[in-house]
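Raw start26.cif, mmCIF, C-alpha atoms, pLDDT in the B column; chains and numbers go by the auth columns:
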```
data_final
loop_
_atom_site.group_PDB
_atom_site.id
_atom_site.type_symbol
_atom_site.label_atom_id
_atom_site.label_comp_id
_atom_site.label_asym_id
_atom_site.label_seq_id
_atom_site.Cartn_x
_atom_site.Cartn_y
_atom_site.Cartn_z
_atom_site.B_iso_or_equiv
_atom_site.auth_seq_id
_atom_site.auth_asym_id
ATOM 1 C CA MET A 1 91.687 115.835 155.788 80.00 1 F
ATOM 2 C CA ASP A 2 90.587 112.548 154.279 84.00 2 F
ATOM 3 C CA ALA A 3 89.033 111.841 150.862 85.00 3 F
ATOM 4 C CA LYS A 4 85.476 112.107 152.207 89.00 4 F
ATOM 5 C CA GLN A 5 86.124 115.549 153.711 89.00 5 F
ATOM 6 C CA TYR A 6 87.863 116.638 150.511 87.00 6 F
ATOM 7 C CA ASN A 7 84.869 115.567 148.401 88.00 7 F
ATOM 8 C CA GLN A 8 82.577 117.440 150.783 89.00 8 F
ATOM 9 C CA CYS A 9 84.703 120.586 150.272 87.00 9 F
ATOM 10 C CA VAL A 10 84.438 120.175 146.510 88.00 10 F
ATOM 11 C CA GLN A 11 80.641 119.859 146.677 90.00 11 F
ATOM 12 C CA GLU A 12 80.267 122.709 149.129 90.00 12 F
ATOM 13 C CA TRP A 13 82.674 125.326 147.726 87.00 13 F
ATOM 14 C CA ALA A 14 83.111 124.637 143.983 89.00 14 F
ATOM 15 C CA ASP A 15 80.302 126.977 142.863 89.00 15 F
ATOM 16 C CA ALA A 16 81.334 129.873 145.104 88.00 16 F
ATOM 17 C CA LEU A 17 84.967 129.444 144.098 89.00 17 F
ATOM 18 C CA PHE A 18 83.979 129.418 140.418 90.00 18 F
ATOM 19 C CA ARG A 19 81.945 132.639 140.808 87.00 19 F
ATOM 20 C CA PHE A 20 84.871 134.290 142.557 86.00 20 F
ATOM 21 C CA ALA A 21 87.322 133.115 139.888 85.00 21 F
ATOM 22 C CA CYS A 22 84.980 134.282 137.091 84.00 22 F
ATOM 23 C CA LYS A 23 84.798 137.735 138.583 81.00 23 F
ATOM 24 C CA CYS A 24 88.557 137.883 139.127 81.00 24 F
ATOM 25 C CA THR A 25 89.614 136.561 135.733 80.00 25 F
ATOM 26 C CA GLY A 26 86.654 137.673 133.619 79.00 26 F
ATOM 27 C CA GLN A 27 86.633 134.467 131.590 80.00 27 F
ATOM 28 C CA GLN A 28 85.055 131.083 132.218 85.00 28 F
ATOM 29 C CA SER A 29 87.957 129.057 130.849 83.00 29 F
ATOM 30 C CA ASP A 30 90.441 130.858 133.085 85.00 30 F
ATOM 31 C CA ALA A 31 88.074 130.499 136.030 86.00 31 F
ATOM 32 C CA ASN A 32 87.781 126.756 135.376 88.00 32 F
ATOM 33 C CA ASP A 33 91.574 126.491 135.403 87.00 33 F
ATOM 34 C CA VAL A 34 91.823 128.470 138.635 87.00 34 F
ATOM 35 C CA VAL A 35 89.168 126.335 140.357 89.00 35 F
ATOM 36 C CA GLN A 36 90.706 123.086 139.182 88.00 36 F
ATOM 37 C CA SER A 37 94.192 124.071 140.284 88.00 37 F
ATOM 38 C CA SER A 38 92.858 125.340 143.620 89.00 38 F
ATOM 39 C CA PHE A 39 91.298 121.971 144.364 89.00 39 F
ATOM 40 C CA GLU A 40 94.450 120.256 143.148 89.00 40 F
ATOM 41 C CA VAL A 41 96.528 122.286 145.616 89.00 41 F
ATOM 42 C CA LEU A 42 94.028 121.446 148.370 89.00 42 F
ATOM 43 C CA TRP A 43 94.392 117.750 147.553 89.00 43 F
ATOM 44 C CA GLN A 44 98.175 117.988 147.617 90.00 44 F
ATOM 45 C CA LYS A 45 98.103 119.825 150.967 89.00 45 F
ATOM 46 C CA ARG A 46 95.222 117.811 152.458 87.00 46 F
ATOM 47 C CA GLU A 47 97.445 116.570 155.309 88.00 47 F
ATOM 48 C CA ASP A 48 98.154 120.155 156.426 89.00 48 F
ATOM 49 C CA VAL A 49 94.713 121.760 155.911 87.00 49 F
ATOM 50 C CA GLN A 50 92.039 121.393 158.550 87.00 50 F
ATOM 51 C CA PRO A 51 88.528 120.842 157.117 85.00 51 F
ATOM 52 C CA ALA A 52 87.232 123.927 158.955 87.00 52 F
ATOM 53 C CA LYS A 53 89.856 126.104 157.212 87.00 53 F
ATOM 54 C CA ALA A 54 89.444 124.572 153.740 87.00 54 F
ATOM 55 C CA LYS A 55 87.225 127.392 152.409 88.00 55 F
ATOM 56 C CA ALA A 56 89.710 130.110 153.339 87.00 56 F
ATOM 57 C CA PHE A 57 92.561 128.007 151.950 89.00 57 F
ATOM 58 C CA LEU A 58 90.748 127.506 148.626 89.00 58 F
ATOM 59 C CA PHE A 59 89.943 131.194 148.216 88.00 59 F
ATOM 60 C CA GLN A 60 93.515 132.137 149.110 87.00 60 F
ATOM 61 C CA VAL A 61 94.873 129.798 146.438 88.00 61 F
ATOM 62 C CA ALA A 62 92.301 131.024 143.898 88.00 62 F
ATOM 63 C CA TYR A 63 93.153 134.653 144.662 85.00 63 F
ATOM 64 C CA ARG A 64 96.867 134.063 144.165 85.00 64 F
ATOM 65 C CA GLN A 65 96.328 132.111 140.969 85.00 65 F
ATOM 66 C CA SER A 66 94.040 134.833 139.605 81.00 66 F
ATOM 67 C CA VAL A 67 96.725 137.429 140.288 79.00 67 F
ATOM 68 C CA ASP A 68 99.352 135.216 138.634 77.00 68 F
ATOM 69 C CA ASN A 69 97.030 134.680 135.676 74.00 69 F
ATOM 70 C CA TYR A 70 96.495 138.446 135.363 71.00 70 F
ATOM 71 C CA ARG A 71 100.245 139.102 135.444 72.00 71 F
ATOM 72 C CA LYS A 72 100.877 136.418 132.837 71.00 72 F
ATOM 73 C CA LYS A 73 98.211 137.797 130.515 67.00 73 F
ATOM 74 C CA SER A 74 99.442 141.361 130.875 63.00 74 F
ATOM 75 C CA LYS A 75 102.878 140.231 129.653 59.00 75 F
ATOM 76 C CA ILE A 76 101.448 138.316 126.689 52.00 76 F
ATOM 77 C CA SER A 77 99.486 140.190 124.070 48.00 77 F
ATOM 78 C CA TYR A 78 97.659 138.389 121.289 44.00 78 F
ATOM 79 C CA LYS A 79 94.526 139.061 119.339 45.00 79 F
ATOM 80 C CA GLU A 80 91.524 136.785 119.363 47.00 80 F
ATOM 81 C CA ALA A 81 87.810 137.103 119.830 41.00 81 F
ATOM 82 C CA PRO A 82 86.784 137.852 123.413 45.00 82 F
ATOM 83 C CA GLU A 83 85.347 134.875 125.237 48.00 83 F
ATOM 84 C CA GLU A 84 81.827 134.994 126.591 45.00 84 F
ATOM 85 C CA THR A 85 81.854 135.671 130.316 46.00 85 F
ATOM 86 C CA TYR A 86 79.749 134.222 133.118 45.00 86 F
ATOM 87 C CA SER A 87 76.293 135.799 133.227 46.00 87 F
ATOM 88 C CA PRO A 88 73.753 135.908 136.056 49.00 88 F
ATOM 89 C CA THR A 89 70.004 136.339 135.546 56.00 89 F
ATOM 90 C CA ASN A 90 69.903 140.086 134.801 59.00 90 F
ATOM 91 C CA PRO A 91 72.281 140.750 131.872 61.00 91 F
ATOM 92 C CA ASP A 92 71.977 144.569 131.992 70.00 92 F
ATOM 93 C CA LEU A 93 72.822 144.767 135.667 73.00 93 F
ATOM 94 C CA LYS A 94 75.587 142.228 135.178 76.00 94 F
ATOM 95 C CA ARG A 95 77.049 144.272 132.298 79.00 95 F
ATOM 96 C CA ILE A 96 77.039 147.472 134.366 79.00 96 F
ATOM 97 C CA LEU A 97 78.589 145.782 137.407 80.00 97 F
ATOM 98 C CA ASP A 98 81.220 144.034 135.291 81.00 98 F
ATOM 99 C CA ARG A 99 82.222 147.320 133.690 83.00 99 F
ATOM 100 C CA ALA A 100 82.384 148.938 137.124 83.00 100 F
ATOM 101 C CA LEU A 101 84.533 146.115 138.501 85.00 101 F
ATOM 102 C CA ALA A 102 86.788 146.384 135.436 84.00 102 F
ATOM 103 C CA GLN A 103 87.680 149.916 136.572 85.00 103 F
ATOM 104 C CA LEU A 104 89.493 148.412 139.564 87.00 104 F
ATOM 105 C CA ASP A 105 92.940 146.893 139.623 87.00 105 F
ATOM 106 C CA GLU A 106 93.276 143.170 140.309 84.00 106 F
ATOM 107 C CA GLN A 107 93.810 143.502 144.065 87.00 107 F
ATOM 108 C CA ALA A 108 90.941 145.950 144.605 89.00 108 F
ATOM 109 C CA ARG A 109 88.587 143.794 142.526 89.00 109 F
ATOM 110 C CA ALA A 110 89.494 140.704 144.538 88.00 110 F
ATOM 111 C CA LEU A 111 88.955 142.546 147.831 90.00 111 F
ATOM 112 C CA VAL A 112 85.501 143.747 146.765 89.00 112 F
ATOM 113 C CA LEU A 113 84.579 140.265 145.584 87.00 113 F
ATOM 114 C CA LEU A 114 85.773 138.607 148.779 88.00 114 F
ATOM 115 C CA LYS A 115 83.963 141.090 151.021 88.00 115 F
ATOM 116 C CA ASP A 116 80.770 141.911 149.147 85.00 116 F
ATOM 117 C CA TYR A 117 80.173 138.807 147.031 82.00 117 F
ATOM 118 C CA GLU A 118 81.550 136.054 149.250 82.00 118 F
ATOM 119 C CA GLY A 119 80.924 137.630 152.670 83.00 119 F
ATOM 120 C CA TYR A 120 84.343 137.284 154.264 86.00 120 F
ATOM 121 C CA ASN A 121 85.191 139.548 157.188 88.00 121 F
ATOM 122 C CA TYR A 122 88.236 141.844 157.177 90.00 122 F
ATOM 123 C CA GLU A 123 90.422 139.455 159.146 88.00 123 F
ATOM 124 C CA GLU A 124 89.687 136.538 156.807 87.00 124 F
ATOM 125 C CA ILE A 125 90.345 138.707 153.752 88.00 125 F
ATOM 126 C CA GLY A 126 93.655 139.725 155.293 88.00 126 F
ATOM 127 C CA GLN A 127 94.614 136.090 155.734 86.00 127 F
ATOM 128 C CA ILE A 128 93.658 135.264 152.153 85.00 128 F
ATOM 129 C CA THR A 129 95.439 138.223 150.560 85.00 129 F
ATOM 130 C CA GLY A 130 98.372 138.604 152.930 87.00 130 F
ATOM 131 C CA LEU A 131 97.344 142.133 153.937 89.00 131 F
ATOM 132 C CA ASN A 132 96.708 143.328 157.460 91.00 132 F
ATOM 133 C CA GLU A 133 93.196 144.257 158.539 91.00 133 F
ATOM 134 C CA SER A 134 93.810 148.020 158.286 92.00 134 F
ATOM 135 C CA GLN A 135 95.139 147.703 154.747 92.00 135 F
ATOM 136 C CA VAL A 136 92.087 145.668 153.758 91.00 136 F
ATOM 137 C CA LYS A 137 89.773 148.374 155.104 92.00 137 F
ATOM 138 C CA VAL A 138 91.661 151.190 153.373 93.00 138 F
ATOM 139 C CA TYR A 139 91.890 149.380 150.020 93.00 139 F
ATOM 140 C CA LEU A 140 88.209 148.407 150.184 92.00 140 F
ATOM 141 C CA PHE A 141 87.237 151.994 150.960 93.00 141 F
ATOM 142 C CA ARG A 142 89.209 153.236 147.956 92.00 142 F
ATOM 143 C CA ALA A 143 87.788 150.528 145.691 91.00 143 F
ATOM 144 C CA ARG A 144 84.226 151.270 146.745 90.00 144 F
ATOM 145 C CA LYS A 145 84.823 154.979 146.167 90.00 145 F
ATOM 146 C CA ILE A 146 85.929 154.225 142.585 89.00 146 F
ATOM 147 C CA LEU A 147 82.893 151.963 142.089 87.00 147 F
ATOM 148 C CA LYS A 148 80.543 154.612 143.459 86.00 148 F
ATOM 149 C CA GLU A 149 81.970 157.319 141.199 85.00 149 F
ATOM 150 C CA TYR A 150 81.603 155.025 138.203 84.00 150 F
ATOM 151 C CA LEU A 151 78.083 153.816 139.038 81.00 151 F
ATOM 152 C CA VAL A 152 76.577 157.240 139.784 79.00 152 F
ATOM 153 C CA SER A 153 77.848 158.659 136.516 73.00 153 F
ATOM 154 C CA VAL A 154 74.952 158.628 134.023 63.00 154 F
ATOM 155 C CA GLU A 155 77.130 158.232 130.933 66.00 155 F
ATOM 156 C CA ASN A 156 78.596 154.979 132.290 58.00 156 F
ATOM 157 C CA ILE A 157 75.233 153.350 132.856 55.00 157 F
ATOM 158 C CA ILE A 158 73.625 154.126 129.530 51.00 158 F
#
```
Before we go any further, please render this structure as structure tokens.
Amino acid sequence: MDAKQYNQCVQEWADALFRFACKCTGQQSDANDVVQSSFEVLWQKREDVQPAKAKAFLFQVAYRQSVDNYRKKSKISYKEAPEETYSPTNPDLKRILDRALAQLDEQARALVLLKDYEGYNYEEIGQITGLNESQVKVYLFRARKILKEYLVSVENII
């Protein structure tokens, strides 16, 4: 991959990668760090990454960094005001979906985001997360079941 192809990857995938990182980390500053480091890793590995596989590579790096970030934050506890999170056009729907996604563990949340938000197929998700295709299907089924139970409950929506 040369500099021109790298720049094309940045232009093409930066927004989608940021949305994914925002949903995984829950905070814009953390998502910015994840996106920046993902592109940094892509630049460092540009000799080994084919341009056609750059998207999957970026999401794989972002997924792993989000998990690492989550593990780091769960070990460190400090008090400060919560940071404002990324918000789409409908704030009520966004709030409900964010609360529903927060019910999931880090891996389940990432699987739902990769499949339903980013449109990856099961095989691609398996490559990104290191799971086999059957595991991806089972974990997605369980995650969606948790989301469904949360979303159909009236007290969680109001």
Could I get the residues of range 21-79 of chain F with an atom no further than 12 Å from an atom of range 127-149 of chain F, each paired with its nearest atom pair and that distance in Å to one decimal, using only C-alpha atoms, sorted by chain and residue number, as CSV?
```
residue,atom,partner,partner_atom,distance
F:Lys53,CA,F:Ile128,CA,11.1
F:Ala54,CA,F:Ile128,CA,11.6
F:Lys55,CA,F:Ile128,CA,10.2
F:Ala56,CA,F:Ile128,CA,6.6
F:Phe57,CA,F:Ile128,CA,7.3
F:Leu58,CA,F:Ile128,CA,9.0
F:Phe59,CA,F:Ile128,CA,6.8
F:Gln60,CA,F:Ile128,CA,4.4
F:Val61,CA,F:Ile128,CA,8.0
F:Ala62,CA,F:Ile128,CA,9.4
F:Tyr63,CA,F:Thr129,CA,7.3
F:Arg64,CA,F:Thr129,CA,7.8
F:Gln65,CA,F:Thr129,CA,11.4
F:Ser66,CA,F:Thr129,CA,11.6
F:Val67,CA,F:Thr129,CA,10.4
```
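The closest residue to Asp2 in chain F, picked from F:Asp48, F:Asp98, F:Glu123, F:Asp33 and counting only C-alpha atoms, is F:Asp48.
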Next on the checklist: Since I can't run it myself right now, could you work out what the PyMOL selection byres ((chain F and resi 32) around 12) selects here and report it as JSON, numbers by chain?
Outcome noted: {"F": [14, 15, 17, 18, 19, 20, 21, 22, 23, 24, 25, 26, 27, 28, 29, 30, 31, 33, 34, 35, 36, 37, 38, 39, 62, 65, 66, 85, 86]}
Item to check | Within 8 Å of Arg46 in chain F using only C-alpha atoms, minus same-chain residues under 3 positions, as JSON, numbers by chain | outcome: {"F": [1, 2, 6, 42, 43, 49, 50]}
Show me, as JSON, the centre and edge lengths in Å to one decimal of the axis-aligned box that covers every listed atom of range 136-154 of chain F with 5 Å on each side.
```
{"center_x": 83.5, "center_y": 152.2, "center_z": 144.6, "size_x": 27.1, "size_y": 23.0, "size_z": 31.1}
```
Item to check | Selection dump of the PyMOL selection byres ((chain F and resi 99-103) around 8), as a PyMOL selection string | outcome: chain F and resi 95-98+104-105+109+146-147+150-151
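If you look at CA of Ser153 in chain F and CA of Leu114 in chain F, they are 24.8 Å away from each other.
Remark: for Glu47 in chain F, the closest of the candidate residues F:Arg71, F:Gly119, F:Gln5, F:Lys94 is F:Gln5 (distances computed over only C-alpha atoms).
Computed from the coordinates, the CA of Cys9 in chain F to CA of Pro51 in chain F distance equals 7.8 Å.
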Checklist outcome for this item: One decimal place gives the CA of Glu106 in chain F-CA of Gln44 in chain F separation as 26.7 Å
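With only C-alpha atoms as the atoms that count, the residue of F:Ala52, F:Leu93, F:Val10, F:Ala16 with the shortest distance to Tyr117 in chain F is F:Ala16.
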